[in-house]
$ cat model38.txt   # compact mmCIF, C-alpha atoms and all ligand atoms
# COMPACT_ATOMS: atom_id res chain seq x y z
CA MET A 24 11.26 -8.19 24.11
CA THR A 25 10.25 -5.25 21.93
CA VAL A 26 10.14 -5.33 18.16
CA SER A 27 13.16 -3.03 17.83
CA ASP A 28 15.36 -5.08 20.20
CA ALA A 29 14.64 -8.17 18.17
CA SER A 30 15.15 -6.61 14.75
CA GLU A 31 18.67 -5.52 15.62
CA GLY A 32 19.65 -9.18 15.34
CA TYR A 33 18.76 -9.35 11.63
CA ARG A 34 21.65 -10.34 9.36
CA ARG A 35 21.62 -9.27 5.69
CA SER A 36 20.53 -12.04 3.28
CA SER A 37 18.92 -14.12 6.05
CA CYS A 38 15.73 -14.28 4.04
CA PHE A 39 14.31 -13.18 0.67
CA SER A 40 10.73 -14.39 0.41
CA VAL A 41 7.73 -12.48 1.74
CA ALA A 42 6.46 -15.72 3.30
CA GLY A 43 9.78 -16.13 5.12
CA PHE A 44 9.59 -12.57 6.45
CA ALA A 45 6.05 -13.24 7.68
CA GLU A 46 7.44 -16.07 9.80
CA LEU A 47 10.30 -13.92 11.11
CA ALA A 48 7.88 -11.11 11.97
CA ARG A 49 5.56 -13.51 13.77
CA GLU A 50 8.48 -14.77 15.87
CA ARG A 51 9.45 -11.22 16.77
CA MET A 52 6.00 -10.14 17.87
CA ASP A 53 3.78 -12.31 19.99
CA SER A 54 1.80 -14.40 17.53
CA GLU A 55 -1.61 -13.31 18.83
CA GLY A 56 -0.68 -9.67 18.22
CA PHE A 57 0.57 -10.61 14.77
CA ASP A 58 -2.73 -12.31 13.93
CA VAL A 59 -4.80 -9.38 15.20
CA ILE A 60 -2.90 -6.79 13.18
CA PHE A 61 -2.47 -8.77 9.99
CA GLY A 62 -5.76 -10.67 10.02
CA ALA A 63 -4.33 -14.17 10.04
CA THR A 64 -6.72 -15.75 12.57
CA PRO A 65 -9.37 -17.74 10.68
CA GLY A 66 -12.81 -16.31 11.40
CA ALA A 67 -11.45 -13.04 12.83
CA PRO A 68 -12.85 -9.76 11.45
CA GLY A 69 -11.54 -9.21 7.95
CA SER A 70 -9.95 -12.63 7.67
CA HIS A 71 -12.15 -13.71 4.73
CA THR A 72 -11.13 -10.81 2.53
CA VAL A 73 -7.50 -11.20 3.59
CA ALA A 74 -7.62 -14.84 2.48
CA ASN A 75 -9.55 -13.99 -0.71
CA ASN A 76 -6.86 -11.50 -1.70
CA VAL A 77 -4.11 -14.09 -1.45
CA ASP A 78 -6.10 -16.98 -2.93
CA GLY A 79 -7.46 -14.84 -5.80
CA PHE A 80 -4.22 -15.13 -7.77
CA GLN A 81 -4.75 -18.86 -8.28
CA ALA A 82 -7.60 -18.17 -10.70
CA PHE A 83 -5.13 -16.55 -13.11
CA PRO A 84 -2.51 -19.04 -14.29
CA LEU A 85 0.44 -17.76 -16.26
CA LEU A 86 0.96 -19.03 -19.81
CA PRO A 87 4.56 -20.10 -20.47
CA ARG A 88 6.21 -19.17 -23.78
CA VAL A 89 9.40 -20.60 -25.25
CA LEU A 90 12.27 -19.32 -27.43
CA SER A 91 11.20 -15.69 -27.15
CA THR A 92 13.11 -14.37 -24.13
CA SER A 93 15.85 -11.77 -24.50
CA GLU A 94 18.85 -11.60 -22.18
CA GLN A 95 18.08 -8.13 -20.88
CA ARG A 96 14.62 -7.63 -19.46
CA SER A 97 13.23 -4.24 -18.48
CA THR A 98 11.05 -3.81 -15.40
CA THR A 99 10.79 -0.01 -15.56
CA VAL A 100 7.32 1.55 -15.61
CA GLU A 101 6.16 5.16 -15.37
CA VAL A 102 3.27 6.29 -13.19
CA LEU A 103 2.20 9.94 -12.91
CA ALA A 104 5.54 11.21 -14.18
CA THR A 105 7.36 9.05 -11.62
CA GLU A 106 9.71 6.49 -13.13
CA LEU A 107 9.70 3.28 -11.11
CA PRO A 108 12.61 0.88 -11.68
CA LYS A 109 10.34 -1.95 -10.54
CA PRO A 110 6.54 -2.02 -10.86
CA TRP A 111 5.77 -1.40 -7.20
CA LEU A 112 5.51 1.33 -4.58
CA PHE A 113 5.41 1.06 -0.80
CA ALA A 114 1.78 1.11 0.38
CA PRO A 115 0.80 3.54 3.15
CA ILE A 116 0.88 1.92 6.60
CA GLY A 117 0.14 3.98 9.69
CA GLN A 118 2.28 4.29 12.84
CA LEU A 119 5.34 2.44 11.59
CA ARG A 120 7.25 3.10 14.79
CA ARG A 121 5.03 0.50 16.42
CA PHE A 122 6.77 -2.04 14.18
CA HIS A 123 10.36 -0.88 14.35
CA ARG A 124 12.31 1.75 16.25
CA ASP A 125 13.15 3.61 13.02
CA GLY A 126 9.62 3.22 11.62
CA GLU A 127 8.94 5.45 8.61
CA LEU A 128 12.63 6.40 8.36
CA ALA A 129 13.62 2.75 7.85
CA VAL A 130 11.08 2.47 5.02
CA ALA A 131 12.23 5.79 3.54
CA GLU A 132 15.84 4.61 3.60
CA ALA A 133 14.90 1.38 1.80
CA ALA A 134 12.90 3.47 -0.71
CA HIS A 135 15.90 5.70 -1.36
CA LEU A 136 18.37 2.82 -1.74
CA SER A 137 16.10 0.83 -4.07
CA GLY A 138 14.57 3.72 -6.05
CA THR A 139 11.09 2.79 -4.83
CA THR A 140 8.46 5.46 -4.24
CA MET A 141 7.05 5.44 -0.72
CA ILE A 142 3.45 6.43 -0.05
CA LEU A 143 3.60 7.96 3.41
CA SER A 144 0.51 7.36 5.56
CA MET A 145 -1.33 10.36 6.98
CA ALA A 146 -1.11 8.39 10.25
CA THR A 147 2.69 8.64 10.12
CA SER A 148 4.52 8.53 13.43
CA THR A 149 7.42 10.54 11.92
CA PRO A 150 7.23 14.14 10.60
CA ILE A 151 6.59 14.33 6.84
CA GLU A 152 9.65 16.51 6.18
CA GLU A 153 12.07 14.01 7.77
CA VAL A 154 10.63 11.15 5.72
CA VAL A 155 10.83 13.09 2.44
CA GLU A 156 14.45 14.00 3.14
CA VAL A 157 15.53 10.41 3.86
CA SER A 158 13.52 8.95 0.97
CA GLY A 159 15.47 10.98 -1.55
CA GLY A 160 12.50 13.08 -2.57
CA SER A 161 10.18 10.70 -4.39
CA THR A 162 7.47 10.50 -1.74
CA TRP A 163 3.71 10.42 -2.27
CA PHE A 164 1.35 11.25 0.59
CA GLN A 165 -1.76 9.32 1.64
CA VAL A 166 -4.75 11.35 2.82
CA TYR A 167 -7.85 10.44 4.78
CA LEU A 168 -10.76 12.87 4.63
CA MET A 169 -11.05 14.16 8.20
CA ARG A 170 -14.15 15.36 10.03
CA GLU A 171 -12.98 18.97 9.63
CA ARG A 172 -12.03 20.00 6.09
CA SER A 173 -9.64 22.58 7.52
CA VAL A 174 -7.70 19.78 9.26
CA THR A 175 -7.42 17.83 5.99
CA GLU A 176 -6.33 20.99 4.20
CA ALA A 177 -3.70 21.85 6.82
CA VAL A 178 -2.10 18.42 6.43
CA VAL A 179 -2.29 18.52 2.60
CA ARG A 180 -0.55 21.92 2.61
CA ARG A 181 2.19 20.52 4.83
CA ALA A 182 2.68 17.53 2.49
CA GLU A 183 2.85 19.88 -0.51
CA GLU A 184 5.41 22.12 1.19
CA ALA A 185 7.48 19.10 2.24
CA GLY A 186 7.77 18.13 -1.45
CA CYS A 187 5.39 15.17 -1.72
CA ARG A 188 4.67 14.57 -5.41
CA ALA A 189 1.17 13.07 -5.40
CA LEU A 190 -1.75 12.50 -3.05
CA VAL A 191 -3.35 9.09 -2.54
CA VAL A 192 -6.79 9.52 -1.00
CA THR A 193 -8.01 6.44 0.85
CA VAL A 194 -11.79 6.05 0.69
CA ASP A 195 -12.40 2.36 1.41
CA SER A 196 -12.85 2.66 5.17
CA PRO A 197 -14.63 5.83 6.25
CA GLY A 198 -14.20 6.75 9.92
CA GLY A 199 -17.62 5.70 11.11
CA VAL A 200 -17.55 2.23 9.54
CA GLY A 201 -15.88 -0.65 11.32
CA SER A 202 -13.85 1.79 13.35
CA ARG A 203 -14.39 0.02 16.67
CA GLU A 204 -12.70 -3.10 15.39
CA ARG A 205 -9.92 -1.14 13.78
CA GLU A 206 -9.32 0.91 16.91
CA GLN A 207 -9.15 -2.21 19.02
CA ILE A 208 -6.54 -3.54 16.65
CA LEU A 209 -4.46 -0.37 16.94
CA THR A 210 -4.73 -0.20 20.72
CA ARG A 211 -3.91 -3.84 21.38
CA ASP A 212 -1.02 -3.68 19.00
CA GLN A 213 0.45 -0.67 20.69
CA VAL A 214 0.11 -2.12 24.17
CA ARG A 215 1.79 -5.36 23.17
CA ALA A 216 4.53 -4.51 20.76
CA SER A 217 5.13 -0.82 20.34
CA PRO A 218 8.59 0.54 20.97
CA ALA A 219 7.02 4.03 20.90
CA PRO A 220 3.75 5.61 22.06
CA PRO A 221 1.29 6.59 19.28
CA ARG A 222 2.16 9.86 17.60
CA LEU A 223 0.24 11.61 14.79
CA ALA A 224 3.23 13.55 13.50
CA ALA A 225 1.50 14.93 10.37
CA PHE A 226 -1.04 16.78 12.53
CA GLU A 227 1.23 18.44 15.07
CA HIS A 228 1.09 21.85 13.34
CA VAL A 229 -2.73 21.90 13.24
CA PRO A 230 -3.99 24.92 15.24
CA SER A 231 -5.12 24.00 18.76
CA ARG A 232 -8.74 25.06 18.13
CA LEU A 233 -8.96 22.23 15.56
CA ALA A 234 -6.60 19.75 17.20
CA SER A 235 -9.26 18.61 19.66
CA SER A 236 -10.99 16.79 16.76
CA ILE A 237 -7.97 14.45 16.46
CA ASP A 238 -7.27 11.62 18.88
CA PRO A 239 -4.15 9.47 18.36
CA ASN A 240 -5.74 6.62 20.31
CA HIS A 241 -8.93 6.72 18.21
CA PHE A 242 -7.66 7.96 14.88
CA ALA A 243 -10.53 6.41 12.90
CA ALA A 244 -13.00 8.44 14.94
CA SER A 245 -11.25 11.62 13.75
CA MET A 246 -12.01 10.76 10.13
CA HIS A 247 -15.06 11.87 8.19
CA PRO A 248 -17.78 9.27 8.90
CA GLN A 249 -19.53 9.63 5.51
CA PRO A 250 -17.25 11.19 2.90
CA SER A 251 -18.83 11.73 -0.53
CA TRP A 252 -17.81 12.58 -4.09
CA ALA A 253 -18.36 16.23 -3.15
CA ASP A 254 -15.47 15.93 -0.69
CA ILE A 255 -13.28 14.55 -3.48
CA ASP A 256 -14.30 17.49 -5.71
CA TRP A 257 -13.35 19.81 -2.87
CA LEU A 258 -9.94 18.16 -2.47
CA ARG A 259 -9.40 18.40 -6.24
CA SER A 260 -10.18 22.13 -6.02
CA ILE A 261 -7.60 22.91 -3.30
CA THR A 262 -4.50 21.21 -4.71
CA SER A 263 -2.71 20.91 -8.01
CA LEU A 264 -0.92 17.69 -7.01
CA PRO A 265 -2.00 14.56 -8.90
CA ILE A 266 -4.68 12.65 -6.94
CA VAL A 267 -5.03 8.87 -6.88
CA LEU A 268 -8.22 7.45 -5.36
CA LYS A 269 -7.36 4.40 -3.21
CA GLY A 270 -10.02 1.86 -2.39
CA ILE A 271 -11.75 1.37 -5.75
CA GLN A 272 -13.31 -2.09 -6.03
CA THR A 273 -15.78 -1.89 -8.93
CA GLY A 274 -15.82 -0.73 -12.54
CA THR A 275 -18.67 1.64 -11.67
CA ASP A 276 -16.63 3.53 -9.08
CA ALA A 277 -13.61 3.57 -11.40
CA ARG A 278 -15.77 5.23 -14.08
CA LEU A 279 -16.96 7.84 -11.56
CA ALA A 280 -13.36 8.56 -10.51
CA VAL A 281 -12.27 9.07 -14.11
CA ALA A 282 -15.26 11.31 -14.81
CA ARG A 283 -14.29 13.39 -11.75
CA GLY A 284 -10.93 14.21 -13.30
CA LEU A 285 -8.83 12.18 -10.88
CA ASP A 286 -5.35 11.23 -12.04
CA GLY A 287 -5.31 7.56 -11.07
CA VAL A 288 -7.15 4.81 -9.23
CA ALA A 289 -5.79 2.28 -6.75
CA ILE A 290 -7.76 -0.93 -6.45
CA SER A 291 -7.69 -1.84 -2.76
CA ASN A 292 -9.86 -3.29 0.00
CA HIS A 293 -7.47 -2.01 2.67
CA GLY A 294 -5.76 -5.38 2.80
CA GLY A 295 -9.02 -6.93 4.01
CA HIS A 296 -9.45 -4.46 6.87
CA ALA A 297 -12.61 -2.87 5.41
CA LEU A 298 -15.52 -4.96 4.09
CA ASP A 299 -15.20 -8.61 5.00
CA PHE A 300 -16.33 -11.12 2.35
CA ALA A 301 -15.20 -8.75 -0.42
CA ARG A 302 -13.84 -9.99 -3.75
CA SER A 303 -10.12 -10.37 -4.10
CA THR A 304 -8.59 -7.27 -5.62
CA ILE A 305 -7.03 -9.21 -8.52
CA GLU A 306 -10.51 -10.48 -9.44
CA THR A 307 -11.68 -6.85 -9.59
CA LEU A 308 -8.89 -5.72 -11.87
CA PRO A 309 -10.24 -6.75 -15.33
CA GLU A 310 -13.52 -4.94 -14.61
CA VAL A 311 -11.74 -1.77 -13.43
CA ALA A 312 -9.32 -1.86 -16.37
CA ALA A 313 -12.25 -2.11 -18.81
CA ALA A 314 -13.98 0.84 -17.10
CA ALA A 315 -10.88 3.06 -16.99
CA GLN A 316 -10.12 2.39 -20.69
CA ARG A 317 -6.46 3.34 -20.19
CA THR A 318 -7.39 6.96 -19.44
CA VAL A 319 -5.70 6.87 -16.02
CA PRO A 320 -3.10 4.57 -14.47
CA ILE A 321 -4.40 1.73 -12.31
CA LEU A 322 -2.53 0.73 -9.16
CA ILE A 323 -3.50 -2.29 -7.10
CA ASP A 324 -2.75 -3.86 -3.73
CA GLY A 325 -4.02 -6.75 -1.63
CA GLY A 326 -2.36 -10.13 -1.21
CA PHE A 327 0.75 -9.49 -3.31
CA ARG A 328 3.35 -11.87 -1.90
CA ARG A 329 5.39 -12.97 -4.94
CA GLY A 330 6.87 -11.51 -8.10
CA ASP A 331 4.53 -13.77 -10.11
CA ASP A 332 1.53 -12.00 -8.50
CA VAL A 333 2.91 -8.68 -9.67
CA LEU A 334 3.30 -9.92 -13.24
CA LYS A 335 -0.31 -11.14 -13.28
CA ALA A 336 -1.58 -7.72 -12.20
CA LEU A 337 0.43 -5.97 -14.90
CA CYS A 338 -0.83 -8.40 -17.54
CA LEU A 339 -4.39 -7.60 -16.46
CA GLY A 340 -3.93 -3.85 -16.88
CA ALA A 341 -2.36 -2.47 -13.69
CA LYS A 342 0.57 -0.08 -14.03
CA ALA A 343 2.09 -1.00 -10.68
CA THR A 344 1.33 -2.65 -7.36
CA LEU A 345 1.52 -1.39 -3.78
CA LEU A 346 3.29 -3.53 -1.19
CA GLY A 347 1.51 -3.60 2.20
CA ARG A 348 2.18 -6.59 4.44
CA ALA A 349 5.06 -7.52 2.14
CA LEU A 350 6.67 -4.30 3.39
CA ALA A 351 5.57 -4.44 7.04
CA TRP A 352 6.91 -7.93 7.70
CA PRO A 353 10.55 -7.32 6.77
CA LEU A 354 10.36 -3.95 8.55
CA ILE A 355 9.47 -5.83 11.74
CA ALA A 356 12.09 -8.50 11.05
CA GLY A 357 15.01 -6.19 10.46
CA GLY A 358 14.30 -2.63 9.30
CA ALA A 359 15.73 -1.24 6.05
CA PRO A 360 18.23 -4.11 5.37
CA ALA A 361 15.45 -6.68 5.58
CA ILE A 362 13.20 -4.62 3.27
CA LEU A 363 16.02 -4.53 0.71
CA ASP A 364 16.37 -8.33 0.94
CA MET A 365 12.62 -8.72 0.41
CA LEU A 366 12.80 -6.49 -2.69
CA GLU A 367 15.69 -8.55 -4.05
CA GLY A 368 13.61 -11.72 -3.67
CA LEU A 369 10.56 -10.14 -5.27
CA THR A 370 12.68 -8.86 -8.16
CA SER A 371 14.17 -12.25 -8.90
CA GLU A 372 10.73 -13.91 -8.82
CA LEU A 373 9.36 -11.27 -11.19
CA ASP A 374 12.30 -11.59 -13.56
CA ARG A 375 12.04 -15.39 -13.63
CA ALA A 376 8.31 -15.24 -14.37
CA MET A 377 8.91 -12.68 -17.15
CA ALA A 378 11.60 -14.89 -18.69
CA LEU A 379 9.41 -18.00 -18.63
CA CYS A 380 6.44 -16.10 -20.11
CA GLY A 381 8.51 -14.48 -22.85
CA ILE A 382 7.85 -10.97 -21.53
CA ASN A 383 10.92 -8.78 -22.05
CA ASP A 384 9.68 -5.29 -21.22
CA LEU A 385 6.96 -4.41 -18.73
CA GLY A 386 6.58 -1.04 -20.45
CA ASP A 387 5.36 -2.86 -23.58
CA LEU A 388 2.56 -4.82 -21.98
CA GLN A 389 -0.68 -4.01 -23.73
CA PRO A 390 -3.76 -4.70 -21.64
CA GLY A 391 -6.50 -6.02 -23.84
CA VAL A 392 -4.39 -8.31 -26.01
CA PHE A 393 -5.13 -11.31 -23.82
CA THR A 394 -7.70 -13.55 -25.43
CA ASN A 395 -8.46 -15.24 -22.15
CA PRO A 396 -7.81 -13.40 -18.88
CA ARG A 397 -7.45 -16.75 -17.15
CA GLN A 398 -4.40 -17.56 -19.26
CA LEU A 399 -2.22 -14.53 -19.18
CA ALA A 400 0.49 -13.91 -21.71
CA VAL A 401 1.40 -11.61 -24.53
CA VAL A 402 -0.27 -13.16 -27.57
C1 LIG B 1 -1.14 -2.70 9.67
C2 LIG B 1 -1.70 -1.97 8.48
C3 LIG B 1 -1.82 -0.58 8.51
C4 LIG B 1 -2.34 0.12 7.41
N1 LIG B 1 -2.40 1.49 7.44
C5 LIG B 1 -2.90 2.16 6.36
C6 LIG B 1 -2.94 3.58 6.34
O1 LIG B 1 -2.53 4.25 7.28
N2 LIG B 1 -3.46 4.18 5.24
C7 LIG B 1 -3.91 3.48 4.15
O2 LIG B 1 -4.38 4.08 3.18
N3 LIG B 1 -3.86 2.13 4.14
C8 LIG B 1 -3.36 1.46 5.21
N4 LIG B 1 -3.29 0.10 5.17
C9 LIG B 1 -3.66 -0.63 3.93
C10 LIG B 1 -2.43 -0.76 3.01
O3 LIG B 1 -2.06 0.48 2.47
C11 LIG B 1 -2.73 -1.69 1.82
O4 LIG B 1 -3.90 -1.26 1.19
C12 LIG B 1 -2.89 -3.16 2.23
O5 LIG B 1 -1.98 -3.51 3.25
C13 LIG B 1 -2.68 -4.04 1.00
O6 LIG B 1 -2.89 -5.38 1.27
P1 LIG B 1 -1.66 -6.40 1.57
O7 LIG B 1 -1.17 -6.04 2.93
O8 LIG B 1 -2.30 -7.74 1.54
O9 LIG B 1 -0.64 -6.18 0.52
C14 LIG B 1 -2.77 -0.60 6.27
C15 LIG B 1 -2.63 -2.01 6.24
C16 LIG B 1 -2.10 -2.69 7.32
C17 LIG B 1 -1.94 -4.20 7.24
$ encode --input "model38.txt" --output "structure tokens" --more "lines below"
Ligand SMILES: Cc1cc2nc3c(=O)[nH]c(=O)nc-3n(C[C@H](O)[C@H](O)[C@H](O)COP(=O)(O)O)c2cc1C
Amino acid sequence: MTVSDASEGYRRSSCFSVAGFAELARERMDSEGFDVIFGATPGAPGSHTVANNVDGFQAFPLLPRVLSTSEQRSTTVEVLATELPKPWLFAPIGQLRRFHRDGELAVAEAAHLSGTTMILSMATSTPIEEVVEVSGGSTWFQVYLMRERSVTEAVVRRAEEAGCRALVVTVDSPGGVGSREREQILTRDQVRASPAPPRLAAFEHVPSRLASSIDPNHFAASMHPQPSWADIDWLRSITSLPIVLKGIQTGTDARLAVARGLDGVAISNHGGHALDFARSTIETLPEVAAAAQRTVPILIDGGFRRGDDVLKALCLGAKATLLGRALAWPLIAGGAPAILDMLEGLTSELDRAMALCGINDLGDLQPGVFTNPRQLAVV
């Protein structure tokens, strides 16, 4: 049974929680494949960081408040001139057609219907233009620095022309590091579950003399093995789109990114797929927020499974979160309708946590007013 055959059986409102969608997704793939891709096998590569990300939220209890909740609560935030009705975006995930027949288009449809901004992976299996059209226009584009700068530039130009509004440059897992494991993951996944062969749709216009440096079966090997700040300066020099650096995990690197004139930072450890035994991303957030000093917006992903997790990140200084596995699992379970159900569940969890903490407007949260970051609330 392929993923797409199974997902056609999804009925609207079957499930709302991210944990429930994880179970549905596991049932629809073989569970070994699920564990390999999502890092759920204890002791497997990356499993420690995956677990740290999820467990990290427990160190930050929420502080309840009473008699201070208004009837109407606002969850709108603004990031890089993009108004988000809820404080999250869809994280970039490569080759979405391996998860569902409609792949990136299912995610784009859910983005359009919910007003969420989708960050389209450079490893998209669907052409950028088609995704932008279905998503209703508010698409950001994720970039890896490739071995050949001219290849990176050709794809950036295509994303610009397609109407993508910002670039998110992922720097936490350079091509030469850990790529063997990551390639094994991709290959095994595709053999076992893919309804479609791998396709690097964002690269199909790259001139043939350069195309030989790109291999859909070994995508990580096509990336720059040792990108540096000079490559980021170069990227800054060739585009006027806002640039967010994804993969920041220390205050020191956040300071360097701000000094480089970047427009935002995204705290991420690639959902645990980069350095194993890394800190949870939520644990990193106070340090990064202190370093960035509110000069640029901070985004964060890694382990977000509940609306309460999202509220904690915003209280600690993030502007918005990126949904990774929380997006992939409902996609596998039932395409766009299942993603919309997941968002409904996340929204109601967030709203409930806001109400019980006396937080009425996410736009008003002031990082820095918390006397104790382990007891989050507006003081
Ligand atoms: C299967 C899978 C594929 C991913 N593909 C990409 C990608 O193409 N580009 C990228 O920048 N990040 C990629 N990521 C990382 C996500 O964007 C995000 O950082 C991560 O999933 C967040 O952690 P979470 O899944 O625990 O929320 C991928 C993650 C997973 C699980």
$ closest_atom_pairs --input "model38.txt" --of "chain A" --to "ligand LIG 1 (chain B)" --cutoff "9 Å" --atoms "all atoms listed in the file" --output "JSON lines"
{"residue": "A:Ile60", "atom": "CA", "partner": "B:LIG1", "partner_atom": "C1", "distance": 5.7}
{"residue": "A:Phe61", "atom": "CA", "partner": "B:LIG1", "partner_atom": "C17", "distance": 5.4}
{"residue": "A:Gly62", "atom": "CA", "partner": "B:LIG1", "partner_atom": "C17", "distance": 8.0}
{"residue": "A:Val73", "atom": "CA", "partner": "B:LIG1", "partner_atom": "O8", "distance": 6.6}
{"residue": "A:Ala74", "atom": "CA", "partner": "B:LIG1", "partner_atom": "O8", "distance": 8.9}
{"residue": "A:Asn76", "atom": "CA", "partner": "B:LIG1", "partner_atom": "O8", "distance": 6.7}
{"residue": "A:Val77", "atom": "CA", "partner": "B:LIG1", "partner_atom": "O8", "distance": 7.2}
{"residue": "A:Phe113", "atom": "CA", "partner": "B:LIG1", "partner_atom": "O3", "distance": 8.2}
{"residue": "A:Ala114", "atom": "CA", "partner": "B:LIG1", "partner_atom": "O3", "distance": 4.4}
{"residue": "A:Pro115", "atom": "CA", "partner": "B:LIG1", "partner_atom": "O3", "distance": 4.2}
{"residue": "A:Ile116", "atom": "CA", "partner": "B:LIG1", "partner_atom": "N1", "distance": 3.4}
{"residue": "A:Gly117", "atom": "CA", "partner": "B:LIG1", "partner_atom": "O1", "distance": 3.6}
{"residue": "A:Gln118", "atom": "CA", "partner": "B:LIG1", "partner_atom": "O1", "distance": 7.4}
{"residue": "A:Leu119", "atom": "CA", "partner": "B:LIG1", "partner_atom": "C3", "distance": 8.4}
{"residue": "A:Ile142", "atom": "CA", "partner": "B:LIG1", "partner_atom": "O3", "distance": 8.5}
{"residue": "A:Leu143", "atom": "CA", "partner": "B:LIG1", "partner_atom": "O1", "distance": 8.1}
{"residue": "A:Ser144", "atom": "CA", "partner": "B:LIG1", "partner_atom": "O1", "distance": 4.7}
{"residue": "A:Met145", "atom": "CA", "partner": "B:LIG1", "partner_atom": "O1", "distance": 6.2}
{"residue": "A:Ala146", "atom": "CA", "partner": "B:LIG1", "partner_atom": "O1", "distance": 5.3}
{"residue": "A:Thr147", "atom": "CA", "partner": "B:LIG1", "partner_atom": "O1", "distance": 7.4}
{"residue": "A:Gln165", "atom": "CA", "partner": "B:LIG1", "partner_atom": "O2", "distance": 6.1}
{"residue": "A:Val166", "atom": "CA", "partner": "B:LIG1", "partner_atom": "O2", "distance": 7.3}
{"residue": "A:Tyr167", "atom": "CA", "partner": "B:LIG1", "partner_atom": "O2", "distance": 7.4}
{"residue": "A:Val191", "atom": "CA", "partner": "B:LIG1", "partner_atom": "O2", "distance": 7.7}
{"residue": "A:Val192", "atom": "CA", "partner": "B:LIG1", "partner_atom": "O2", "distance": 7.3}
{"residue": "A:Thr193", "atom": "CA", "partner": "B:LIG1", "partner_atom": "O2", "distance": 4.9}
{"residue": "A:Val194", "atom": "CA", "partner": "B:LIG1", "partner_atom": "O2", "distance": 8.1}
{"residue": "A:Asp195", "atom": "CA", "partner": "B:LIG1", "partner_atom": "O2", "distance": 8.4}
{"residue": "A:Ser196", "atom": "CA", "partner": "B:LIG1", "partner_atom": "O2", "distance": 8.8}
{"residue": "A:Ile208", "atom": "CA", "partner": "B:LIG1", "partner_atom": "C1", "distance": 8.9}
{"residue": "A:Leu209", "atom": "CA", "partner": "B:LIG1", "partner_atom": "C1", "distance": 8.3}
{"residue": "A:Lys269", "atom": "CA", "partner": "B:LIG1", "partner_atom": "O2", "distance": 7.1}
{"residue": "A:Gly270", "atom": "CA", "partner": "B:LIG1", "partner_atom": "O4", "distance": 7.7}
{"residue": "A:Ala289", "atom": "CA", "partner": "B:LIG1", "partner_atom": "O4", "distance": 8.9}
{"residue": "A:Ile290", "atom": "CA", "partner": "B:LIG1", "partner_atom": "O4", "distance": 8.6}
{"residue": "A:Ser291", "atom": "CA", "partner": "B:LIG1", "partner_atom": "O4", "distance": 5.5}
{"residue": "A:Asn292", "atom": "CA", "partner": "B:LIG1", "partner_atom": "O4", "distance": 6.4}
{"residue": "A:His293", "atom": "CA", "partner": "B:LIG1", "partner_atom": "O4", "distance": 3.9}
{"residue": "A:Gly294", "atom": "CA", "partner": "B:LIG1", "partner_atom": "O6", "distance": 3.3}
{"residue": "A:Gly295", "atom": "CA", "partner": "B:LIG1", "partner_atom": "O6", "distance": 6.9}
{"residue": "A:His296", "atom": "CA", "partner": "B:LIG1", "partner_atom": "C15", "distance": 7.3}
{"residue": "A:Ile323", "atom": "CA", "partner": "B:LIG1", "partner_atom": "C13", "distance": 8.3}
{"residue": "A:Asp324", "atom": "CA", "partner": "B:LIG1", "partner_atom": "C13", "distance": 4.7}
{"residue": "A:Gly325", "atom": "CA", "partner": "B:LIG1", "partner_atom": "O6", "distance": 3.4}
{"residue": "A:Gly326", "atom": "CA", "partner": "B:LIG1", "partner_atom": "O8", "distance": 3.6}
{"residue": "A:Phe327", "atom": "CA", "partner": "B:LIG1", "partner_atom": "O9", "distance": 5.2}
{"residue": "A:Arg328", "atom": "CA", "partner": "B:LIG1", "partner_atom": "O9", "distance": 7.4}
{"residue": "A:Thr344", "atom": "CA", "partner": "B:LIG1", "partner_atom": "O9", "distance": 8.9}
{"residue": "A:Leu345", "atom": "CA", "partner": "B:LIG1", "partner_atom": "O9", "distance": 6.8}
{"residue": "A:Leu346", "atom": "CA", "partner": "B:LIG1", "partner_atom": "O9", "distance": 5.0}
{"residue": "A:Gly347", "atom": "CA", "partner": "B:LIG1", "partner_atom": "O5", "distance": 3.6}
{"residue": "A:Arg348", "atom": "CA", "partner": "B:LIG1", "partner_atom": "O7", "distance": 3.7}
{"residue": "A:Ala349", "atom": "CA", "partner": "B:LIG1", "partner_atom": "O9", "distance": 6.1}
{"residue": "A:Leu350", "atom": "CA", "partner": "B:LIG1", "partner_atom": "O7", "distance": 8.0}
{"residue": "A:Ala351", "atom": "CA", "partner": "B:LIG1", "partner_atom": "C1", "distance": 7.4}
$ closest_residue --input "model38.txt" --among "A:Glu127, A:Asp78, A:Glu50, A:Glu152" --to "Glu306 of chain A" --atoms "all atoms listed in the file"
A:Asp78
$ residues_near_point --input "model38.txt" --point "(4.9, 16.6, 13.4)" --cutoff "8 Å" --atoms "only C-alpha atoms" --output "ChimeraX atom specification"
/A:149-151,223-228
$ atom_distance --input "model38.txt" --atom1 "atom CA of Glu156 of chain A" --atom2 "atom CA of Leu168 of chain A"
25.3 Å
$ atom_distance --input "model38.txt" --atom1 "atom CA of Asp384 of chain A" --atom2 "atom CA of Ala134 of chain A"
22.5 Å
$ atom_distance --input "model38.txt" --atom1 "atom CA of Gly160 of chain A" --atom2 "atom CA of Gly138 of chain A"
10.2 Å
